[in-house]
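Shown below: protein-v9.cif, with mmCIF, C-alpha atoms.
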data_final
loop_
_atom_site.label_atom_id
_atom_site.label_comp_id
_atom_site.auth_asym_id
_atom_site.auth_seq_id
_atom_site.Cartn_x
_atom_site.Cartn_y
_atom_site.Cartn_z
CA MET G 27 -2.40 3.73 33.62
CA THR G 28 -1.14 6.50 31.38
CA LYS G 29 0.31 5.74 27.99
CA LYS G 30 1.85 8.21 25.63
CA LYS G 31 -0.88 9.48 23.36
CA PRO G 32 -0.06 8.58 19.77
CA ALA G 33 -1.25 10.89 17.01
CA LEU G 34 -3.22 8.95 14.45
CA SER G 35 -3.14 9.66 10.75
CA TRP G 36 -3.91 8.00 7.45
CA ASP G 37 -1.17 6.56 5.33
CA GLY G 38 -1.05 4.42 2.22
CA ARG G 39 0.44 3.61 -1.15
CA ILE G 40 -0.81 3.64 -4.69
CA TRP G 41 0.31 1.95 -7.87
CA ILE G 42 -0.80 1.32 -11.43
CA LYS G 43 -1.87 -2.22 -12.17
CA THR G 44 -2.71 -4.29 -15.21
CA GLN G 45 -4.82 -7.46 -15.27
CA ASP G 46 -1.65 -9.27 -14.26
CA GLY G 47 -1.20 -7.25 -11.10
CA LYS G 48 1.13 -4.50 -9.98
CA PHE G 49 2.77 -2.65 -12.84
CA ILE G 50 4.28 0.66 -11.72
CA GLY G 51 4.51 2.05 -8.20
CA LYS G 52 6.53 4.63 -6.36
CA GLY G 53 9.82 2.71 -6.71
CA ARG G 54 9.67 2.36 -10.48
CA ILE G 55 8.66 5.98 -10.87
CA GLU G 56 11.65 7.00 -8.80
CA LEU G 57 13.90 4.73 -10.83
CA MET G 58 12.75 6.33 -14.08
CA GLU G 59 13.32 9.77 -12.61
CA LYS G 60 16.85 8.86 -11.61
CA ILE G 61 17.53 7.45 -15.06
CA LYS G 62 16.28 10.71 -16.52
CA ALA G 63 18.56 12.66 -14.18
CA TYR G 64 21.70 10.56 -14.68
CA GLY G 65 21.19 9.24 -18.22
CA SER G 66 22.47 5.93 -16.89
CA ILE G 67 20.84 2.84 -15.42
CA ARG G 68 23.99 2.09 -13.45
CA GLN G 69 24.04 5.53 -11.83
CA ALA G 70 20.31 5.41 -11.18
CA ALA G 71 20.63 2.01 -9.53
CA LEU G 72 23.47 3.29 -7.37
CA ALA G 73 21.44 6.33 -6.30
CA MET G 74 18.57 4.06 -5.30
CA GLN G 75 20.87 1.61 -3.51
CA MET G 76 19.83 -1.27 -5.70
CA SER G 77 21.95 -3.50 -7.91
CA TYR G 78 22.31 -2.81 -11.62
CA ARG G 79 20.79 -6.22 -12.24
CA GLN G 80 17.72 -5.38 -10.17
CA ALA G 81 17.24 -2.01 -11.87
CA TRP G 82 17.61 -3.58 -15.25
CA GLN G 83 15.03 -6.25 -14.43
CA LEU G 84 12.50 -3.63 -13.28
CA ILE G 85 12.95 -1.73 -16.52
CA ASP G 86 12.79 -4.88 -18.59
CA ASP G 87 9.56 -5.86 -16.86
CA MET G 88 7.99 -2.47 -17.56
CA ASN G 89 9.10 -2.42 -21.16
CA THR G 90 7.88 -5.96 -21.71
CA LYS G 91 4.44 -5.26 -20.29
CA ALA G 92 4.01 -1.99 -22.16
CA THR G 93 3.78 -2.00 -25.94
CA THR G 94 5.91 1.12 -25.97
CA ALA G 95 9.24 1.19 -24.19
CA LEU G 96 9.35 3.53 -21.20
CA VAL G 97 13.11 3.45 -20.92
CA ILE G 98 15.57 2.93 -23.78
CA SER G 99 19.05 1.80 -23.03
CA ASN G 100 22.04 1.42 -25.32
CA ARG G 101 24.11 -1.22 -23.67
CA GLY G 102 27.79 -1.74 -24.18
CA GLY G 103 30.64 0.64 -24.82
CA LYS G 104 33.14 1.75 -22.24
CA GLY G 105 31.40 2.57 -18.96
CA GLY G 106 28.06 1.35 -20.23
CA GLY G 107 25.61 2.95 -22.62
CA LYS G 108 23.30 5.88 -22.33
CA ALA G 109 19.79 5.37 -20.97
CA THR G 110 16.81 7.55 -21.82
CA VAL G 111 13.27 7.84 -20.51
CA THR G 112 10.93 7.92 -23.50
CA PRO G 113 8.15 10.53 -23.84
CA GLU G 114 5.71 7.76 -22.85
CA GLY G 115 7.75 7.11 -19.73
CA GLU G 116 7.70 10.80 -18.88
CA ARG G 117 3.96 10.93 -19.27
CA ILE G 118 3.54 8.00 -16.89
CA ILE G 119 5.74 9.78 -14.35
CA LYS G 120 3.66 12.95 -14.64
CA GLN G 121 0.42 11.07 -14.39
CA PHE G 122 1.59 9.22 -11.33
CA HIS G 123 2.52 12.43 -9.54
CA ALA G 124 -0.75 14.13 -10.46
CA PHE G 125 -2.74 11.24 -9.04
CA ASN G 126 -0.48 10.89 -6.02
CA LYS G 127 -1.09 14.55 -5.21
CA LYS G 128 -4.82 13.86 -4.94
CA PHE G 129 -4.10 10.78 -2.88
CA GLN G 130 -1.84 12.66 -0.47
CA LYS G 131 -4.55 15.26 -0.09
CA LEU G 132 -7.06 12.55 0.82
CA LEU G 133 -4.61 11.16 3.39
CA GLN G 134 -4.66 14.56 5.13
CA GLN G 135 -8.17 13.88 6.39
CA PRO G 136 -8.06 13.51 10.16
CA VAL G 137 -8.51 10.22 11.93
CA ALA G 138 -11.01 10.64 14.73
CA ASP G 139 -8.85 10.05 17.77
CA PHE G 140 -11.37 8.64 20.21
CA ILE G 141 -9.37 5.65 21.32
CA PHE G 142 -6.27 7.31 22.66
CA MET X 4 5.05 -7.12 -32.76
CA THR X 5 1.63 -7.19 -31.13
CA LYS X 6 1.32 -7.62 -27.40
CA LYS X 7 -1.89 -8.13 -25.54
CA LYS X 8 -3.16 -4.74 -24.48
CA PRO X 9 -3.34 -4.57 -20.71
CA ALA X 10 -6.03 -2.41 -19.13
CA LEU X 11 -4.46 -0.01 -16.68
CA SER X 12 -6.05 1.02 -13.43
CA TRP X 13 -5.11 2.51 -10.09
CA ASP X 14 -4.73 0.34 -7.05
CA GLY X 15 -3.46 0.86 -3.54
CA ARG X 16 -3.80 0.32 0.17
CA ILE X 17 -4.46 2.51 3.16
CA TRP X 18 -3.82 2.15 6.86
CA ILE X 19 -3.89 4.15 10.07
CA LYS X 20 -0.50 4.99 11.49
CA THR X 21 0.90 6.42 14.70
CA GLN X 22 4.27 8.10 15.16
CA ASP X 23 5.67 4.60 15.49
CA GLY X 24 4.46 3.47 12.08
CA LYS X 25 1.67 1.26 10.81
CA PHE X 26 -1.07 0.70 13.35
CA ILE X 27 -4.23 -0.70 11.74
CA GLY X 28 -4.75 -1.75 8.15
CA LYS X 29 -7.12 -3.92 6.18
CA GLY X 30 -5.97 -7.15 7.83
CA ARG X 31 -6.51 -6.01 11.41
CA ILE X 32 -9.88 -4.53 10.52
CA GLU X 33 -10.90 -7.84 9.00
CA LEU X 34 -9.63 -9.68 12.08
CA MET X 35 -11.73 -7.51 14.37
CA GLU X 36 -14.77 -8.07 12.17
CA LYS X 37 -14.30 -11.82 12.34
CA ILE X 38 -13.91 -11.66 16.11
CA LYS X 39 -17.13 -9.70 16.25
CA ALA X 40 -18.85 -12.30 14.07
CA TYR X 41 -17.53 -15.39 15.86
CA GLY X 42 -17.02 -14.07 19.39
CA SER X 43 -13.78 -16.02 19.40
CA ILE X 44 -10.19 -15.23 18.51
CA ARG X 45 -9.57 -18.86 17.64
CA GLN X 46 -12.48 -18.99 15.20
CA ALA X 47 -11.53 -15.62 13.74
CA ALA X 48 -7.95 -16.76 13.22
CA LEU X 49 -9.17 -19.93 11.54
CA ALA X 50 -11.44 -17.95 9.21
CA MET X 51 -8.51 -15.77 8.23
CA GLN X 52 -6.15 -18.70 7.80
CA MET X 53 -3.73 -17.44 10.41
CA SER X 54 -2.53 -19.07 13.58
CA TYR X 55 -4.17 -18.33 16.92
CA ARG X 56 -0.82 -17.05 18.11
CA GLN X 57 -0.55 -14.62 15.20
CA ALA X 58 -4.08 -13.32 15.71
CA TRP X 59 -3.47 -12.91 19.41
CA GLN X 60 -0.26 -10.97 18.77
CA LEU X 61 -2.01 -8.59 16.37
CA ILE X 62 -4.70 -7.90 18.95
CA ASP X 63 -2.18 -7.51 21.72
CA ASP X 64 -0.23 -5.03 19.63
CA MET X 65 -3.36 -2.95 18.93
CA ASN X 66 -4.46 -3.01 22.54
CA THR X 67 -1.01 -2.08 23.77
CA LYS X 68 -0.71 0.89 21.41
CA ALA X 69 -4.22 2.18 22.13
CA THR X 70 -5.06 3.46 25.59
CA THR X 71 -8.44 1.78 25.27
CA ALA X 72 -8.66 -1.90 24.36
CA LEU X 73 -10.18 -2.55 20.95
CA VAL X 74 -10.73 -6.25 21.61
CA ILE X 75 -11.36 -7.85 25.01
CA SER X 76 -10.75 -11.52 25.43
CA ASN X 77 -11.48 -13.75 28.39
CA ARG X 78 -8.94 -16.50 28.08
CA GLY X 79 -9.28 -19.93 29.60
CA GLY X 80 -12.22 -22.19 30.15
CA LYS X 81 -13.13 -25.14 28.00
CA GLY X 82 -12.79 -24.33 24.31
CA GLY X 83 -11.27 -20.93 25.06
CA GLY X 84 -12.92 -17.77 26.29
CA LYS X 85 -15.22 -15.29 24.66
CA ALA X 86 -13.75 -12.38 22.70
CA THR X 87 -15.50 -9.07 22.18
CA VAL X 88 -14.83 -6.03 20.03
CA THR X 89 -15.22 -2.95 22.23
CA PRO X 90 -17.27 0.09 21.16
CA GLU X 91 -13.95 1.83 20.44
CA GLY X 92 -12.97 -1.08 18.20
CA GLU X 93 -16.25 -0.84 16.36
CA ARG X 94 -15.77 2.86 15.79
CA ILE X 95 -12.34 2.25 14.31
CA ILE X 96 -13.83 -0.35 11.98
CA LYS X 97 -16.55 2.06 10.86
CA GLN X 98 -14.10 4.88 10.39
CA PHE X 99 -11.79 2.71 8.33
CA HIS X 100 -14.60 1.67 5.99
CA ALA X 101 -15.84 5.22 5.60
CA PHE X 102 -12.39 6.42 4.60
CA ASN X 103 -11.74 3.37 2.44
CA LYS X 104 -14.92 4.13 0.51
CA LYS X 105 -13.52 7.54 -0.46
CA PHE X 106 -10.21 5.93 -1.32
CA GLN X 107 -11.84 3.30 -3.53
CA LYS X 108 -13.72 6.07 -5.29
CA LEU X 109 -10.46 7.90 -5.98
CA LEU X 110 -8.98 4.67 -7.38
CA GLN X 111 -11.78 4.60 -9.95
CA GLN X 112 -10.19 7.52 -11.79
CA PRO X 113 -8.97 6.32 -15.17
CA VAL X 114 -5.30 5.86 -15.99
CA ALA X 115 -4.56 7.53 -19.31
CA ASP X 116 -3.67 4.57 -21.44
CA PHE X 117 -1.27 6.09 -23.94
CA ILE X 118 1.48 3.55 -23.64
CA PHE X 119 -0.36 0.40 -24.56
#

Using structure tokens, write down the structure that the file contains.
Amino acid sequence: MTKKKPALSWDGRIWIKTQDGKFIGKGRIELMEKIKAYGSIRQAALAMQMSYRQAWQLIDDMNTKATTALVISNRGGKGGGKATVTPEGERIIKQFHAFNKKFQKLLQQPVADFIF
Amino acid sequence: MTKKKPALSWDGRIWIKTQDGKFIGKGRIELMEKIKAYGSIRQAALAMQMSYRQAWQLIDDMNTKATTALVISNRGGKGGGKATVTPEGERIIKQFHAFNKKFQKLLQQPVADFIF
């Protein structure tokens, strides 16, 4: 019996939580980055293949949980308003990436492949 | 406007993957540990509040992907057969815990709480 030998490696995900559970993970970080890039929630949602409604709810949830808004959006006007990531939002993004870098480094550790 | 200040912390999950994706995570490790403790897939499934069928499928998937069985089960007989975690299974369990310990340590790093 010979099976194809699969290479084993570590994988995982990280997120920031509050007492109420998951707060900000990879998806919300990416959403904020897209908002920063496009200046628009609608464009950011499109780029992430999610609905405007869903993107807006994610942002609303973050802003509600935080005491400082992470994304500010001026709704209304033709074509929708301008959206901005606040300095606090940018610091969360940076912090997430810095920690994720350490995490990705940890995931590089080999898995002893004695079972394949 | 005063909101309750939520304490921020890191959280996450890890698993072992192959080229085909997720292979063994926390749930499968726990299942193997229960099988080791009870000597029975049925009892282990019960302890984990999953169906026997579900537990059996998880084990079958692991054993099929590995070239060495991680759990051996003698089906049949009154009350079902005896199930055993193989030495290879035990080594995977140990390895998972060792790596998870490092991961949990990393998760202890503080989240800079500038937004709350």

Exercise. Once the PyMOL selection byres ((chain G) within 9 of (chain X)) has been applied to the shown file, what residues remain in the selection, as JSON, numbers by chain?
Worked result: {"G": [27, 28, 29, 30, 31, 32, 33, 34, 35, 36, 37, 38, 39, 40, 41, 42, 43, 44, 45, 46, 48, 49, 90, 91, 92, 93, 94, 95, 96, 114, 115, 117, 118, 121, 122, 125, 128, 129, 132, 133, 135, 137, 138, 140, 141, 142]}

Both chains have the same sequence, so superpose chain X on chain G over all Cα atoms paired in order and return it as a PDB file with C-alpha atoms, keeping the file's coordinate frame.
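selection10.pdb, freshly written:
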ATOM      1  CA  MET X   4      -2.029   3.669  33.649  1.00  0.00           C
ATOM      2  CA  THR X   5      -0.947   6.461  31.326  1.00  0.00           C
ATOM      3  CA  LYS X   6       0.418   5.655  27.908  1.00  0.00           C
ATOM      4  CA  LYS X   7       1.936   8.133  25.545  1.00  0.00           C
ATOM      5  CA  LYS X   8      -0.809   9.418  23.301  1.00  0.00           C
ATOM      6  CA  PRO X   9      -0.030   8.544  19.708  1.00  0.00           C
ATOM      7  CA  ALA X  10      -1.219  10.900  16.982  1.00  0.00           C
ATOM      8  CA  LEU X  11      -3.203   8.977  14.413  1.00  0.00           C
ATOM      9  CA  SER X  12      -3.112   9.688  10.721  1.00  0.00           C
ATOM     10  CA  TRP X  13      -3.899   8.014   7.428  1.00  0.00           C
ATOM     11  CA  ASP X  14      -1.167   6.554   5.308  1.00  0.00           C
ATOM     12  CA  GLY X  15      -1.047   4.410   2.210  1.00  0.00           C
ATOM     13  CA  ARG X  16       0.423   3.627  -1.165  1.00  0.00           C
ATOM     14  CA  ILE X  17      -0.824   3.654  -4.717  1.00  0.00           C
ATOM     15  CA  TRP X  18       0.294   1.960  -7.897  1.00  0.00           C
ATOM     16  CA  ILE X  19      -0.826   1.341 -11.456  1.00  0.00           C
ATOM     17  CA  LYS X  20      -1.901  -2.198 -12.188  1.00  0.00           C
ATOM     18  CA  THR X  21      -2.745  -4.280 -15.231  1.00  0.00           C
ATOM     19  CA  GLN X  22      -4.849  -7.436 -15.313  1.00  0.00           C
ATOM     20  CA  ASP X  23      -1.687  -9.250 -14.297  1.00  0.00           C
ATOM     21  CA  GLY X  24      -1.212  -7.259 -11.106  1.00  0.00           C
ATOM     22  CA  LYS X  25       1.096  -4.485  -9.983  1.00  0.00           C
ATOM     23  CA  PHE X  26       2.741  -2.653 -12.848  1.00  0.00           C
ATOM     24  CA  ILE X  27       4.262   0.658 -11.727  1.00  0.00           C
ATOM     25  CA  GLY X  28       4.493   2.051  -8.224  1.00  0.00           C
ATOM     26  CA  LYS X  29       6.518   4.626  -6.360  1.00  0.00           C
ATOM     27  CA  GLY X  30       9.785   2.708  -6.706  1.00  0.00           C
ATOM     28  CA  ARG X  31       9.659   2.337 -10.481  1.00  0.00           C
ATOM     29  CA  ILE X  32       8.647   5.964 -10.888  1.00  0.00           C
ATOM     30  CA  GLU X  33      11.622   6.999  -8.794  1.00  0.00           C
ATOM     31  CA  LEU X  34      13.887   4.716 -10.829  1.00  0.00           C
ATOM     32  CA  MET X  35      12.752   6.310 -14.074  1.00  0.00           C
ATOM     33  CA  GLU X  36      13.309   9.767 -12.611  1.00  0.00           C
ATOM     34  CA  LYS X  37      16.839   8.857 -11.602  1.00  0.00           C
ATOM     35  CA  ILE X  38      17.524   7.438 -15.053  1.00  0.00           C
ATOM     36  CA  LYS X  39      16.275  10.684 -16.514  1.00  0.00           C
ATOM     37  CA  ALA X  40      18.541  12.651 -14.177  1.00  0.00           C
ATOM     38  CA  TYR X  41      21.678  10.547 -14.650  1.00  0.00           C
ATOM     39  CA  GLY X  42      21.178   9.210 -18.175  1.00  0.00           C
ATOM     40  CA  SER X  43      22.450   5.904 -16.851  1.00  0.00           C
ATOM     41  CA  ILE X  44      20.829   2.822 -15.376  1.00  0.00           C
ATOM     42  CA  ARG X  45      23.968   2.076 -13.397  1.00  0.00           C
ATOM     43  CA  GLN X  46      24.033   5.523 -11.801  1.00  0.00           C
ATOM     44  CA  ALA X  47      20.295   5.402 -11.162  1.00  0.00           C
ATOM     45  CA  ALA X  48      20.606   2.012  -9.490  1.00  0.00           C
ATOM     46  CA  LEU X  49      23.445   3.298  -7.336  1.00  0.00           C
ATOM     47  CA  ALA X  50      21.409   6.338  -6.279  1.00  0.00           C
ATOM     48  CA  MET X  51      18.561   4.063  -5.271  1.00  0.00           C
ATOM     49  CA  GLN X  52      20.822   1.612  -3.476  1.00  0.00           C
ATOM     50  CA  MET X  53      19.809  -1.292  -5.667  1.00  0.00           C
ATOM     51  CA  SER X  54      21.909  -3.510  -7.861  1.00  0.00           C
ATOM     52  CA  TYR X  55      22.307  -2.809 -11.568  1.00  0.00           C
ATOM     53  CA  ARG X  56      20.764  -6.196 -12.220  1.00  0.00           C
ATOM     54  CA  GLN X  57      17.697  -5.363 -10.135  1.00  0.00           C
ATOM     55  CA  ALA X  58      17.223  -1.999 -11.830  1.00  0.00           C
ATOM     56  CA  TRP X  59      17.612  -3.580 -15.233  1.00  0.00           C
ATOM     57  CA  GLN X  60      15.025  -6.244 -14.406  1.00  0.00           C
ATOM     58  CA  LEU X  61      12.496  -3.636 -13.270  1.00  0.00           C
ATOM     59  CA  ILE X  62      12.949  -1.725 -16.512  1.00  0.00           C
ATOM     60  CA  ASP X  63      12.786  -4.865 -18.583  1.00  0.00           C
ATOM     61  CA  ASP X  64       9.564  -5.860 -16.866  1.00  0.00           C
ATOM     62  CA  MET X  65       7.982  -2.450 -17.560  1.00  0.00           C
ATOM     63  CA  ASN X  66       9.109  -2.427 -21.162  1.00  0.00           C
ATOM     64  CA  THR X  67       7.891  -5.959 -21.728  1.00  0.00           C
ATOM     65  CA  LYS X  68       4.436  -5.251 -20.299  1.00  0.00           C
ATOM     66  CA  ALA X  69       4.018  -1.967 -22.181  1.00  0.00           C
ATOM     67  CA  THR X  70       3.785  -2.002 -25.957  1.00  0.00           C
ATOM     68  CA  THR X  71       5.924   1.124 -26.008  1.00  0.00           C
ATOM     69  CA  ALA X  72       9.253   1.184 -24.182  1.00  0.00           C
ATOM     70  CA  LEU X  73       9.327   3.523 -21.202  1.00  0.00           C
ATOM     71  CA  VAL X  74      13.114   3.453 -20.908  1.00  0.00           C
ATOM     72  CA  ILE X  75      15.573   2.916 -23.769  1.00  0.00           C
ATOM     73  CA  SER X  76      19.062   1.811 -22.980  1.00  0.00           C
ATOM     74  CA  ASN X  77      22.034   1.425 -25.279  1.00  0.00           C
ATOM     75  CA  ARG X  78      24.119  -1.212 -23.602  1.00  0.00           C
ATOM     76  CA  GLY X  79      27.817  -1.696 -24.132  1.00  0.00           C
ATOM     77  CA  GLY X  80      30.639   0.701 -24.721  1.00  0.00           C
ATOM     78  CA  LYS X  81      33.099   1.850 -22.116  1.00  0.00           C
ATOM     79  CA  GLY X  82      31.375   2.657 -18.835  1.00  0.00           C
ATOM     80  CA  GLY X  83      28.038   1.372 -20.118  1.00  0.00           C
ATOM     81  CA  GLY X  84      25.622   2.946 -22.548  1.00  0.00           C
ATOM     82  CA  LYS X  85      23.283   5.872 -22.289  1.00  0.00           C
ATOM     83  CA  ALA X  86      19.770   5.346 -20.931  1.00  0.00           C
ATOM     84  CA  THR X  87      16.807   7.526 -21.802  1.00  0.00           C
ATOM     85  CA  VAL X  88      13.269   7.830 -20.498  1.00  0.00           C
ATOM     86  CA  THR X  89      10.934   7.921 -23.500  1.00  0.00           C
ATOM     87  CA  PRO X  90       8.151  10.512 -23.858  1.00  0.00           C
ATOM     88  CA  GLU X  91       5.714   7.744 -22.873  1.00  0.00           C
ATOM     89  CA  GLY X  92       7.771   7.121 -19.738  1.00  0.00           C
ATOM     90  CA  GLU X  93       7.695  10.792 -18.893  1.00  0.00           C
ATOM     91  CA  ARG X  94       3.943  10.904 -19.286  1.00  0.00           C
ATOM     92  CA  ILE X  95       3.544   7.986 -16.909  1.00  0.00           C
ATOM     93  CA  ILE X  96       5.732   9.777 -14.376  1.00  0.00           C
ATOM     94  CA  LYS X  97       3.659  12.951 -14.673  1.00  0.00           C
ATOM     95  CA  GLN X  98       0.412  11.061 -14.435  1.00  0.00           C
ATOM     96  CA  PHE X  99       1.564   9.201 -11.352  1.00  0.00           C
ATOM     97  CA  HIS X 100       2.503  12.425  -9.568  1.00  0.00           C
ATOM     98  CA  ALA X 101      -0.750  14.109 -10.505  1.00  0.00           C
ATOM     99  CA  PHE X 102      -2.762  11.236  -9.076  1.00  0.00           C
ATOM    100  CA  ASN X 103      -0.493  10.890  -6.056  1.00  0.00           C
ATOM    101  CA  LYS X 104      -1.105  14.549  -5.249  1.00  0.00           C
ATOM    102  CA  LYS X 105      -4.844  13.865  -4.967  1.00  0.00           C
ATOM    103  CA  PHE X 106      -4.118  10.776  -2.913  1.00  0.00           C
ATOM    104  CA  GLN X 107      -1.847  12.663  -0.517  1.00  0.00           C
ATOM    105  CA  LYS X 108      -4.570  15.257  -0.117  1.00  0.00           C
ATOM    106  CA  LEU X 109      -7.074  12.547   0.800  1.00  0.00           C
ATOM    107  CA  LEU X 110      -4.601  11.176   3.366  1.00  0.00           C
ATOM    108  CA  GLN X 111      -4.644  14.562   5.093  1.00  0.00           C
ATOM    109  CA  GLN X 112      -8.161  13.888   6.367  1.00  0.00           C
ATOM    110  CA  PRO X 113      -8.053  13.548  10.139  1.00  0.00           C
ATOM    111  CA  VAL X 114      -8.480  10.231  11.920  1.00  0.00           C
ATOM    112  CA  ALA X 115     -11.006  10.648  14.713  1.00  0.00           C
ATOM    113  CA  ASP X 116      -8.860  10.074  17.738  1.00  0.00           C
ATOM    114  CA  PHE X 117     -11.348   8.661  20.214  1.00  0.00           C
ATOM    115  CA  ILE X 118      -9.354   5.675  21.317  1.00  0.00           C
ATOM    116  CA  PHE X 119      -6.238   7.340  22.610  1.00  0.00           C
TER     117      PHE X 119
END

Exercise. Any idea what's packed within 10 Å of stretch 51-63 of chain X, counting all atoms listed in the file, ignoring anything in its chain fewer than 2 positions away? Could you give it as a list in words?
Worked result: Phe26, Ile27, Gly30, Arg31, Glu33, Leu34, Met35, Lys37, Ile38, Ile44, Arg45, Gln46, Ala47, Ala48, Leu49, Met65, Asn66, Thr67, Lys68, Ala69, Ala72, Leu73, Val74, Ile75 and Ser76 of chain X

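Using all atoms listed in the file, the smallest distance between any of G:Ala73, G:Ile55, G:Gly65, G:Gln134 and G:Lys120 comes from G:Ile55.
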
Exercise. So how far away is atom CA of X:Gln107 from atom CA of X:Tyr41, in Å?
Worked result: 27.5 Å
